[in-house]
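Raw contents of data15.json, JSON, C-alpha atoms:
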```
[["chain", "number", "residue", "atom", "x", "y", "z"],
["A", 939, "MET", "CA", 0.00, 0.00, 0.00],
["A", 940, "THR", "CA", 1.18, 3.53, -0.77],
["A", 941, "GLU", "CA", 1.54, 6.06, 2.02],
["A", 942, "LYS", "CA", -1.72, 7.91, 2.57],
["A", 943, "ILE", "CA", -1.55, 11.58, 1.64],
["A", 944, "TYR", "CA", -3.53, 14.05, 3.73],
["A", 945, "GLY", "CA", -4.48, 17.37, 2.19],
["A", 946, "ASN", "CA", -2.82, 18.34, -1.10],
["A", 947, "SER", "CA", -6.02, 17.59, -3.00],
["A", 948, "PHE", "CA", -5.15, 20.14, -5.71],
["A", 949, "ALA", "CA", -1.76, 18.52, -6.35],
["A", 950, "LEU", "CA", -3.25, 15.03, -6.50],
["A", 951, "GLN", "CA", -6.01, 16.19, -8.86],
["A", 952, "THR", "CA", -3.42, 17.87, -11.05],
["A", 953, "PHE", "CA", -1.34, 14.69, -11.29],
["A", 954, "SER", "CA", -4.44, 12.61, -12.03],
["A", 955, "SER", "CA", -5.54, 14.97, -14.82],
["A", 956, "MET", "CA", -2.11, 14.79, -16.42],
["A", 957, "PHE", "CA", -2.12, 11.00, -16.47],
["A", 958, "ARG", "CA", -5.68, 10.79, -17.79],
["A", 959, "SER", "CA", -4.88, 13.20, -20.61],
["A", 960, "GLY", "CA", -1.59, 11.49, -21.40],
["A", 961, "ARG", "CA", 0.18, 14.86, -21.32],
["A", 962, "ILE", "CA", 2.82, 14.35, -18.66],
["A", 963, "PRO", "CA", 5.55, 17.00, -18.39],
["A", 964, "HIS", "CA", 9.20, 16.07, -18.17],
["A", 965, "SER", "CA", 9.89, 18.35, -15.20],
["A", 966, "PHE", "CA", 7.97, 19.29, -12.05],
["A", 967, "LEU", "CA", 8.44, 21.73, -9.19],
["A", 968, "ILE", "CA", 6.47, 20.98, -6.02],
["A", 969, "TYR", "CA", 6.59, 24.02, -3.76],
["A", 970, "GLY", "CA", 5.16, 25.10, -0.41],
["A", 971, "GLU", "CA", 5.95, 25.64, 3.25],
["A", 972, "LYS", "CA", 8.07, 23.18, 5.20],
["A", 973, "GLY", "CA", 6.04, 20.27, 6.52],
["A", 974, "LEU", "CA", 3.27, 20.22, 3.89],
["A", 975, "GLY", "CA", 4.46, 16.94, 2.37],
["A", 976, "LYS", "CA", 6.39, 18.07, -0.70],
["A", 977, "LYS", "CA", 8.80, 15.13, -0.58],
["A", 978, "THR", "CA", 5.90, 12.74, 0.00],
["A", 979, "LEU", "CA", 4.20, 14.15, -3.10],
["A", 980, "ALA", "CA", 7.45, 13.83, -5.07],
["A", 981, "LYS", "CA", 7.76, 10.17, -4.10],
["A", 982, "TYR", "CA", 4.07, 9.57, -4.91],
["A", 983, "LEU", "CA", 4.52, 11.16, -8.34],
["A", 984, "ALA", "CA", 7.67, 9.14, -8.99],
["A", 985, "MET", "CA", 5.85, 5.93, -8.03],
["A", 986, "SER", "CA", 2.97, 6.88, -10.33],
["A", 987, "LEU", "CA", 5.34, 7.43, -13.24],
["A", 988, "LEU", "CA", 6.99, 4.04, -12.69],
["A", 989, "CYS", "CA", 3.99, 1.96, -11.56],
["A", 990, "GLU", "CA", 3.29, -1.11, -13.67],
["A", 991, "ASN", "CA", -0.47, -0.94, -13.01],
["A", 992, "ARG", "CA", -1.18, 2.74, -12.50],
["A", 993, "ASN", "CA", -4.77, 3.92, -12.76],
["A", 994, "ASP", "CA", -5.32, 7.61, -13.54],
["A", 995, "GLY", "CA", -1.94, 8.41, -12.03],
["A", 996, "THR", "CA", -2.48, 6.50, -8.78],
["A", 997, "PRO", "CA", 0.32, 4.03, -7.97],
["A", 998, "CYS", "CA", -1.00, 0.56, -7.17],
["A", 999, "GLY", "CA", 1.39, 0.01, -4.28],
["A", 1000, "GLU", "CA", 1.54, -3.71, -5.09],
["A", 1001, "CYS", "CA", 3.68, -4.13, -8.21],
["A", 1002, "HIS", "CA", 7.44, -4.74, -8.00],
["A", 1003, "SER", "CA", 8.21, -1.14, -8.97],
["A", 1004, "CYS", "CA", 5.95, 0.29, -6.26],
["A", 1005, "ARG", "CA", 7.28, -2.06, -3.60],
["A", 1006, "ILE", "CA", 10.94, -1.20, -4.16],
["A", 1007, "ALA", "CA", 10.09, 2.51, -4.49],
["A", 1008, "GLN", "CA", 8.40, 2.42, -1.10],
["A", 1009, "LYS", "CA", 11.57, 0.89, 0.35],
["A", 1010, "ASN", "CA", 13.60, 3.72, -1.27],
["A", 1011, "VAL", "CA", 15.71, 1.27, -3.27],
["A", 1012, "HIS", "CA", 14.33, 1.78, -6.77],
["A", 1013, "PRO", "CA", 17.36, 2.11, -9.09],
["A", 1014, "ASP", "CA", 15.48, 4.48, -11.41],
["A", 1015, "ILE", "CA", 14.52, 6.97, -8.68],
["A", 1016, "ILE", "CA", 17.68, 8.97, -8.14],
["A", 1017, "PHE", "CA", 18.32, 11.55, -5.42],
["A", 1018, "PRO", "CA", 21.31, 13.72, -6.42],
["A", 1019, "GLU", "CA", 23.73, 14.40, -3.58],
["A", 1020, "GLN", "CA", 23.60, 17.62, -1.57],
["A", 1021, "SER", "CA", 26.84, 18.99, -0.17],
["A", 1022, "GLY", "CA", 28.68, 22.04, 1.16],
["A", 1023, "LYS", "CA", 27.91, 24.38, 4.04],
["A", 1024, "LEU", "CA", 24.48, 25.16, 2.60],
["A", 1025, "ASN", "CA", 23.77, 21.48, 1.96],
["A", 1026, "THR", "CA", 22.84, 22.27, -1.61],
["A", 1027, "TYR", "CA", 23.32, 21.04, -5.18],
["A", 1028, "THR", "CA", 26.63, 22.11, -6.66],
["A", 1029, "VAL", "CA", 27.59, 22.72, -10.27],
["A", 1030, "GLU", "CA", 29.61, 19.49, -10.22],
["A", 1031, "THR", "CA", 26.61, 17.48, -9.04],
["A", 1032, "CYS", "CA", 24.34, 18.99, -11.69],
["A", 1033, "ARG", "CA", 26.88, 18.36, -14.44],
["A", 1034, "HIS", "CA", 27.08, 14.73, -13.35],
["A", 1035, "VAL", "CA", 23.27, 14.50, -13.57],
["A", 1036, "CYS", "CA", 23.38, 15.94, -17.09],
["A", 1037, "THR", "CA", 25.83, 13.22, -18.13],
["A", 1038, "ASP", "CA", 24.07, 10.41, -16.28],
["A", 1039, "ALA", "CA", 20.68, 11.39, -17.75],
["A", 1040, "PHE", "CA", 21.71, 9.87, -21.09],
["A", 1041, "VAL", "CA", 22.31, 6.46, -19.53],
["A", 1042, "VAL", "CA", 19.28, 4.22, -20.06],
["A", 1043, "PRO", "CA", 17.13, 3.26, -17.04],
["A", 1044, "ASN", "CA", 17.80, 0.06, -15.10],
["A", 1045, "ASN", "CA", 14.37, -1.50, -14.46],
["A", 1046, "SER", "CA", 11.86, 0.81, -16.12],
["A", 1047, "ASP", "CA", 11.14, 2.78, -19.24],
["A", 1048, "ILE", "CA", 12.07, 6.03, -17.48],
["A", 1049, "LYS", "CA", 14.38, 7.24, -14.73],
["A", 1050, "ILE", "CA", 13.54, 10.07, -12.33],
["A", 1051, "TYR", "CA", 15.82, 12.59, -10.61],
["A", 1052, "ILE", "CA", 14.36, 14.07, -7.42],
["A", 1053, "PHE", "CA", 16.06, 17.29, -6.26],
["A", 1054, "ALA", "CA", 14.52, 17.49, -2.77],
["A", 1055, "ASP", "CA", 14.82, 20.66, -0.66],
["A", 1056, "ALA", "CA", 16.35, 22.62, -3.52],
["A", 1057, "ASP", "CA", 15.85, 26.02, -1.85],
["A", 1058, "ASN", "CA", 19.58, 26.83, -1.79],
["A", 1059, "ILE", "CA", 20.47, 25.48, -5.23],
["A", 1060, "GLN", "CA", 23.24, 27.64, -6.67],
["A", 1061, "LEU", "CA", 22.52, 29.77, -9.73],
["A", 1062, "PRO", "CA", 25.45, 28.30, -11.71],
["A", 1063, "ALA", "CA", 24.07, 24.85, -10.87],
["A", 1064, "GLN", "CA", 20.67, 25.86, -12.23],
["A", 1065, "ASN", "CA", 22.29, 27.10, -15.40],
["A", 1066, "ALA", "CA", 24.10, 23.77, -15.71],
["A", 1067, "LEU", "CA", 20.72, 21.99, -15.59],
["A", 1068, "LEU", "CA", 18.93, 24.36, -17.93],
["A", 1069, "LYS", "CA", 19.75, 22.61, -21.21],
["A", 1070, "ILE", "CA", 18.88, 19.12, -19.97],
["A", 1071, "ILE", "CA", 15.58, 20.36, -18.51],
["A", 1072, "GLU", "CA", 14.76, 22.14, -21.75],
["A", 1073, "GLU", "CA", 15.55, 19.14, -23.97],
["A", 1074, "PRO", "CA", 15.74, 16.01, -21.78],
["A", 1075, "PRO", "CA", 16.16, 12.50, -23.14],
["A", 1076, "ALA", "CA", 12.77, 10.83, -23.63],
["A", 1077, "HIS", "CA", 13.40, 8.46, -20.72],
["A", 1078, "VAL", "CA", 14.12, 11.16, -18.09],
["A", 1079, "ARG", "CA", 11.90, 13.07, -15.65],
["A", 1080, "PHE", "CA", 12.89, 15.71, -13.10],
["A", 1081, "ILE", "CA", 11.12, 16.56, -9.84],
["A", 1082, "PHE", "CA", 12.22, 19.50, -7.67],
["A", 1083, "THR", "CA", 10.86, 20.44, -4.24],
["A", 1084, "ALA", "CA", 11.34, 23.83, -2.60],
["A", 1085, "LYS", "CA", 9.57, 26.25, -0.30],
["A", 1086, "SER", "CA", 9.12, 28.83, -3.04],
["A", 1087, "LYS", "CA", 9.39, 29.21, -6.79],
["A", 1088, "ASP", "CA", 11.57, 32.25, -6.05],
["A", 1089, "ALA", "CA", 14.48, 29.87, -5.39],
["A", 1090, "PHE", "CA", 14.75, 29.26, -9.14],
["A", 1091, "LEU", "CA", 15.73, 31.27, -12.17],
["A", 1092, "PRO", "CA", 12.82, 32.39, -14.38],
["A", 1093, "THR", "CA", 14.33, 30.29, -17.17],
["A", 1094, "ILE", "CA", 13.99, 27.18, -15.00],
["A", 1095, "ILE", "CA", 10.46, 28.05, -13.86],
["A", 1096, "SER", "CA", 9.35, 28.49, -17.47],
["A", 1097, "ARG", "CA", 10.46, 24.93, -18.24],
["A", 1098, "VAL", "CA", 8.90, 23.08, -15.30],
["A", 1099, "THR", "CA", 5.30, 22.45, -14.26],
["A", 1100, "SER", "CA", 4.83, 24.06, -10.84],
["A", 1101, "VAL", "CA", 2.41, 22.45, -8.40],
["A", 1102, "GLY", "CA", 1.73, 23.95, -4.97],
["A", 1103, "ALA", "CA", 1.52, 21.80, -1.84],
["A", 1104, "SER", "CA", -1.35, 22.63, 0.51],
["A", 1105, "ALA", "CA", -2.26, 21.95, 4.12],
["A", 1106, "CYS", "CA", -4.79, 19.43, 5.32],
["A", 1107, "THR", "CA", -7.50, 20.17, 7.90],
["A", 1108, "GLU", "CA", -6.70, 20.07, 11.60],
["A", 1109, "LYS", "CA", -8.90, 16.99, 11.94],
["A", 1110, "GLU", "CA", -6.95, 15.22, 9.18],
["A", 1111, "CYS", "CA", -3.69, 16.23, 10.85],
["A", 1112, "ILE", "CA", -4.77, 14.71, 14.17],
["A", 1113, "THR", "CA", -5.85, 11.52, 12.38],
["A", 1114, "ALA", "CA", -2.51, 11.27, 10.56],
["A", 1115, "LEU", "CA", -0.54, 11.77, 13.76],
["A", 1116, "SER", "CA", -2.68, 9.26, 15.65],
["A", 1117, "GLU", "CA", -1.94, 6.67, 12.96],
["A", 1118, "LYS", "CA", 1.76, 7.13, 13.74],
["A", 1119, "ASN", "CA", 1.05, 6.21, 17.39],
["A", 1120, "TYR", "CA", 1.91, 9.54, 19.01],
["A", 1121, "SER", "CA", 0.20, 10.18, 22.33],
["A", 1122, "ASP", "CA", -2.91, 12.35, 22.51],
["A", 1123, "THR", "CA", -1.09, 14.84, 24.74],
["A", 1124, "ASP", "CA", 1.87, 15.18, 22.37],
["A", 1125, "ILE", "CA", -0.48, 15.55, 19.40],
["A", 1126, "LYS", "CA", -2.48, 18.26, 21.18],
["A", 1127, "ASN", "CA", 0.66, 20.23, 22.03],
["A", 1128, "ALA", "CA", 2.02, 19.88, 18.50],
["A", 1129, "VAL", "CA", -1.24, 20.93, 16.83],
["A", 1130, "ASN", "CA", -1.53, 23.89, 19.22],
["A", 1131, "SER", "CA", 1.88, 24.98, 17.99],
["A", 1132, "PHE", "CA", 1.81, 24.16, 14.27],
["A", 1133, "GLY", "CA", -1.85, 23.68, 13.41],
["A", 1134, "SER", "CA", -2.51, 21.30, 10.54],
["A", 1135, "ASN", "CA", 1.07, 21.15, 9.26],
["A", 1136, "ILE", "CA", 1.73, 17.41, 9.71],
["A", 1137, "GLY", "CA", 5.45, 17.56, 8.98],
["A", 1138, "MET", "CA", 6.12, 20.37, 11.44],
["A", 1139, "CYS", "CA", 3.95, 18.68, 14.10],
["A", 1140, "ILE", "CA", 6.04, 15.51, 13.77],
["A", 1141, "GLU", "CA", 9.29, 17.46, 13.94],
["A", 1142, "TYR", "CA", 7.99, 19.35, 16.99],
["A", 1143, "MET", "CA", 7.24, 16.11, 18.85],
["A", 1144, "GLU", "CA", 10.58, 14.55, 17.97],
["A", 1145, "ASN", "CA", 12.90, 17.56, 18.23],
["A", 1146, "PRO", "CA", 13.43, 19.12, 21.70],
["A", 1147, "GLN", "CA", 15.33, 22.01, 20.11],
["A", 1148, "LEU", "CA", 12.29, 22.93, 18.00],
["A", 1149, "GLN", "CA", 10.13, 22.81, 21.13],
["A", 1150, "SER", "CA", 12.53, 25.20, 22.84],
["A", 1151, "VAL", "CA", 12.68, 27.62, 19.89],
["A", 1152, "SER", "CA", 8.88, 27.51, 19.55],
["A", 1153, "ALA", "CA", 8.48, 28.42, 23.21],
["A", 1154, "LEU", "CA", 10.88, 31.35, 22.80],
["A", 1155, "THR", "CA", 8.98, 32.51, 19.71],
["A", 1156, "LYS", "CA", 5.66, 32.46, 21.58],
["A", 1157, "ARG", "CA", 7.20, 34.47, 24.43],
["A", 1158, "ALA", "CA", 8.60, 37.00, 21.96],
["A", 1159, "VAL", "CA", 5.24, 37.41, 20.22],
["A", 1160, "ASN", "CA", 3.50, 37.95, 23.57],
["A", 1161, "SER", "CA", 6.12, 40.57, 24.48],
["A", 1162, "ILE", "CA", 5.46, 42.39, 21.20],
["A", 1163, "ILE", "CA", 1.70, 42.21, 21.83],
["A", 1164, "ASN", "CA", 2.19, 43.85, 25.23],
["A", 1165, "LYS", "CA", 4.92, 46.23, 23.99],
["A", 1166, "ASP", "CA", 6.97, 44.98, 26.94],
["A", 1167, "GLU", "CA", 10.57, 45.83, 26.18],
["A", 1168, "TYR", "CA", 11.95, 44.23, 29.34],
["A", 1169, "SER", "CA", 10.13, 40.97, 28.64],
["A", 1170, "LEU", "CA", 11.35, 40.96, 25.01],
["A", 1171, "LEU", "CA", 14.91, 41.68, 26.13],
["A", 1172, "THR", "CA", 14.66, 38.76, 28.55],
["A", 1173, "VAL", "CA", 13.67, 36.50, 25.67],
["A", 1174, "PHE", "CA", 16.43, 37.83, 23.42],
["A", 1175, "SER", "CA", 19.00, 37.31, 26.22],
["A", 1176, "ASP", "CA", 18.13, 33.64, 26.64],
["A", 1177, "PRO", "CA", 21.23, 31.40, 26.98],
["A", 1178, "GLU", "CA", 19.93, 29.30, 24.07],
["A", 1179, "PHE", "CA", 21.11, 32.04, 21.72],
["A", 1180, "LYS", "CA", 24.74, 31.21, 22.41],
["A", 1181, "ASP", "CA", 24.13, 28.61, 19.72],
["A", 1182, "ARG", "CA", 24.09, 30.50, 16.42],
["A", 1183, "SER", "CA", 21.98, 27.84, 14.70],
["A", 1184, "ILE", "CA", 19.28, 28.24, 17.35],
["A", 1185, "THR", "CA", 19.42, 32.03, 16.94],
["A", 1186, "ALA", "CA", 18.99, 31.69, 13.18],
["A", 1187, "GLU", "CA", 16.06, 29.29, 13.60],
["A", 1188, "PHE", "CA", 14.41, 31.61, 16.12],
["A", 1189, "LEU", "CA", 14.71, 34.62, 13.81],
["A", 1190, "LYS", "CA", 13.15, 32.61, 10.99],
["A", 1191, "MET", "CA", 10.26, 31.44, 13.17],
["A", 1192, "LEU", "CA", 9.62, 34.92, 14.54],
["A", 1193, "ASP", "CA", 9.64, 36.27, 10.99],
["A", 1194, "ASN", "CA", 7.08, 33.60, 10.01],
["A", 1195, "ALA", "CA", 4.90, 34.77, 12.90],
["A", 1196, "ILE", "CA", 5.10, 38.39, 11.71],
["A", 1197, "ARG", "CA", 4.27, 37.33, 8.15],
["A", 1198, "ASP", "CA", 1.28, 35.32, 9.36],
["A", 1199, "CYS", "CA", 0.18, 38.32, 11.42],
["A", 1200, "VAL", "CA", -0.15, 40.35, 8.21],
["A", 1201, "ALA", "CA", -1.81, 37.49, 6.31],
["A", 1202, "ILE", "CA", -4.44, 36.99, 9.03],
["A", 1203, "ARG", "CA", -5.48, 40.62, 8.76],
["A", 1204, "TYR", "CA", -6.63, 39.94, 5.22],
["A", 1205, "ASN", "CA", -7.84, 36.35, 5.67],
["A", 1206, "PRO", "CA", -8.52, 35.13, 9.25],
["A", 1207, "ASN", "CA", -8.95, 31.54, 7.99],
["A", 1208, "ILE", "CA", -5.60, 31.34, 6.23],
["A", 1209, "SER", "CA", -3.33, 28.39, 7.03],
["A", 1210, "CYS", "CA", -0.47, 29.66, 9.20],
["A", 1211, "SER", "CA", 3.09, 28.36, 9.06],
["A", 1212, "SER", "CA", 4.22, 29.90, 12.35],
["A", 1213, "CYS", "CA", 4.36, 28.03, 15.63],
["A", 1214, "CYS", "CA", 1.89, 30.20, 17.57],
["A", 1215, "LYS", "CA", -1.34, 30.86, 15.68],
["A", 1216, "PRO", "CA", -3.38, 31.95, 18.77],
["A", 1217, "GLU", "CA", -0.76, 34.53, 19.71],
["A", 1218, "VAL", "CA", -0.33, 35.66, 16.10],
["A", 1219, "SER", "CA", -4.10, 36.16, 15.81],
["A", 1220, "VAL", "CA", -4.00, 38.54, 18.78],
["A", 1221, "LEU", "CA", -0.93, 40.33, 17.40],
["A", 1222, "SER", "CA", -2.67, 40.86, 14.05],
["A", 1223, "GLU", "CA", -5.23, 43.03, 15.84],
["A", 1224, "LYS", "CA", -2.59, 45.19, 17.48],
["A", 1225, "LEU", "CA", 0.19, 45.51, 14.91],
["A", 1226, "SER", "CA", -0.22, 47.62, 11.78],
["A", 1227, "VAL", "CA", 0.94, 46.33, 8.43],
["A", 1228, "LYS", "CA", 3.50, 49.13, 8.31],
["A", 1229, "SER", "CA", 4.96, 48.11, 11.69],
["A", 1230, "ALA", "CA", 4.95, 44.46, 10.68],
["A", 1231, "MET", "CA", 6.92, 45.27, 7.53],
["A", 1232, "LYS", "CA", 9.46, 47.20, 9.60],
["A", 1233, "ILE", "CA", 9.89, 44.27, 11.97],
["A", 1234, "HIS", "CA", 10.32, 41.92, 9.00],
["A", 1235, "THR", "CA", 13.10, 44.18, 7.71],
["A", 1236, "TYR", "CA", 14.81, 44.20, 11.11],
["A", 1237, "LEU", "CA", 14.57, 40.41, 11.40],
["A", 1238, "ASP", "CA", 15.96, 39.94, 7.90],
["A", 1239, "LYS", "CA", 18.88, 42.23, 8.73],
["A", 1240, "ALA", "CA", 19.51, 40.39, 12.01],
["A", 1241, "ALA", "CA", 19.51, 37.03, 10.21],
["A", 1242, "SER", "CA", 22.07, 38.36, 7.71],
["A", 1243, "GLU", "CA", 24.29, 39.58, 10.55],
["A", 1244, "ILE", "CA", 24.12, 36.19, 12.27],
["A", 1245, "ARG", "CA", 25.17, 34.51, 9.01],
["A", 1246, "ALA", "CA", 28.05, 37.01, 8.83],
["A", 1247, "ASN", "CA", 29.22, 35.90, 12.33],
["A", 1248, "VAL", "CA", 28.32, 39.12, 14.13],
["A", 1249, "SER", "CA", 27.96, 38.58, 17.88],
["A", 1250, "SER", "CA", 24.54, 37.09, 18.68],
["A", 1251, "ALA", "CA", 24.32, 39.13, 21.88],
["A", 1252, "LEU", "CA", 24.88, 42.42, 20.00],
["A", 1253, "VAL", "CA", 22.47, 41.47, 17.22],
["A", 1254, "MET", "CA", 19.67, 40.48, 19.58],
["A", 1255, "SER", "CA", 20.12, 43.51, 21.83],
["A", 1256, "ALA", "CA", 19.86, 45.92, 18.88],
["A", 1257, "LEU", "CA", 16.93, 43.96, 17.45],
["A", 1258, "CYS", "CA", 14.97, 44.29, 20.68],
["A", 1259, "GLY", "CA", 15.07, 48.08, 20.57],
["A", 1260, "GLU", "CA", 14.20, 48.19, 16.87],
["A", 1261, "ILE", "CA", 11.14, 45.98, 17.33],
["A", 1262, "ILE", "CA", 9.78, 47.91, 20.32],
["A", 1263, "ASP", "CA", 10.23, 51.23, 18.47],
["A", 1264, "SER", "CA", 8.56, 50.00, 15.28]]
```
Let's see the structure in the file written out as structure tokens.
Amino acid sequence: MTEKIYGNSFALQTFSSMFRSGRIPHSFLIYGEKGLGKKTLAKYLAMSLLCENRNDGTPCGECHSCRIAQKNVHPDIIFPEQSGKLNTYTVETCRHVCTDAFVVPNNSDIKIYIFADADNIQLPAQNALLKIIEEPPAHVRFIFTAKSKDAFLPTIISRVTSVGASACTEKECITALSEKNYSDTDIKNAVNSFGSNIGMCIEYMENPQLQSVSALTKRAVNSIINKDEYSLLTVFSDPEFKDRSITAEFLKMLDNAIRDCVAIRYNPNISCSSCCKPEVSVLSEKLSVKSAMKIHTYLDKAASEIRANVSSALVMSALCGEIIDS
């Protein structure tokens, strides 16, 4: 049996329509927030393309191809290597793919390259792939996953079929987590933090560091709600921020909360990606769009300074004053 997919009805309908029509693109980009199941969709699509008994683009889950794909040992589903400080796809890796693409598949009529989490793919690497994506061998398919289409050059985007991942309902999320045998208490805490984002809920329950950063983000949002500079400074002075990776993750999560704050003003029912929807909902009533944009700018600058190895203590101290004055 194939892994059940919750939510993402638009993506699944899109795949099904392509298979029914017989017009299947050579290259796909599946994009959306972290935790929405992009890699699960990529694997599902790859299984559909290789399935020996597919029906309207749905993999049977029973044939030899499906069984070995589910075990992640299918020789014609290839995951190019990520490397370097940014854990990304280098020019060398992409050039190797371009050469390897002309080698015939092992078990199937086609072979599939899945570039998962391609958010940091280098521009020269994209240029190296451009020709093969534009005119691939008949037996090759490409699937990319990323948080946003903005990670790619317009010339790449124009040559791939982009499909957005979407969230499931909170009820579906709870069902999915229950099927993985998490406790009701853990599920409740995770859903309270990340709503219906199954992937982030799972990471929250399994990653103590994410739990810690989420708690700090909630405290920071509450401090901004109350315009309490001392409270915000206390958060920003937390010993956790001696770890630069934690500081970077916190800044990203706080920025997500500010972004969601603006989004909720225009659509209260929008699916949030931040870890504190109840707090963000309150903040959206108190923070103007102009102030939110200023805070986003400050957070972006702070994140850049952290990446440039500026002292975390200095960055966070300055950021506190900028946020309170915004």
Exercise. Using all atoms listed in the file, which of A:His964, A:Lys1239, A:Lys1087, A:Lys1224 sits nearest A:Asn1164?
Worked result: A:Lys1224
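The nearest approach to A:Thr952 among the residues A:Val1101, A:Val1227, A:Leu1252, A:Ala1066, with all atoms listed in the file taken into account, belongs to A:Val1101.
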Problem set entry | Among the residues A:Val1220, A:Ala1240, A:Cys1139, A:Ser959, the one that comes closest to A:Asn1160 [using all atoms listed in the file] |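 Result for the nearest residue to A:Asn1160: A:Val1220.
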Report, as JSON, the axis-aligned box around all atoms of stretch 1128-1135 of chain A present in the file, extended by 8 Å on each side; give centre and edge lengths in Å to one decimal place.
```
{"center_x": -0.2, "center_y": 22.4, "center_z": 14.2, "size_x": 20.5, "size_y": 21.1, "size_z": 26.0}
```
For this session: With all atoms listed in the file counted, which protein, DNA or RNA residues have an atom no more than 10 Å from (23.2, 27.2, -13.5) in the file frame? Please answer as an MDAnalysis selection string.
Result: chainID A and resid 1028:1029 1032:1033 1059:1069 1090:1091 1094
Exercise. What does the distance from atom CA of A:Gln951 to atom CA of A:Val1011 come to in Å, to one decimal?
Worked result: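 Atom-to-atom, atom CA of A:Gln951 to atom CA of A:Val1011, that is 26.9 Å.
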Exercise. Taking into account all atoms listed in the file, which residue in the set A:Lys1190, A:Lys1049, A:Lys1126, A:Lys1118 is nearest to A:Ser1003?
Worked result: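 With all atoms listed in the file as the atom set, the closest residue is A:Lys1049.
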Problem set entry | Long-range neighbours of A:Tyr1236 as a ChimeraX atom specification, 10 Å cut-off, all atoms listed in the file, 6 positions minimum in chain | /A:1189,1193,1230,1242,1256-1258,1260-1261,1264
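Going from atom CA of A:Lys981 to atom CA of A:Ser1096 covers 22.7 Å.
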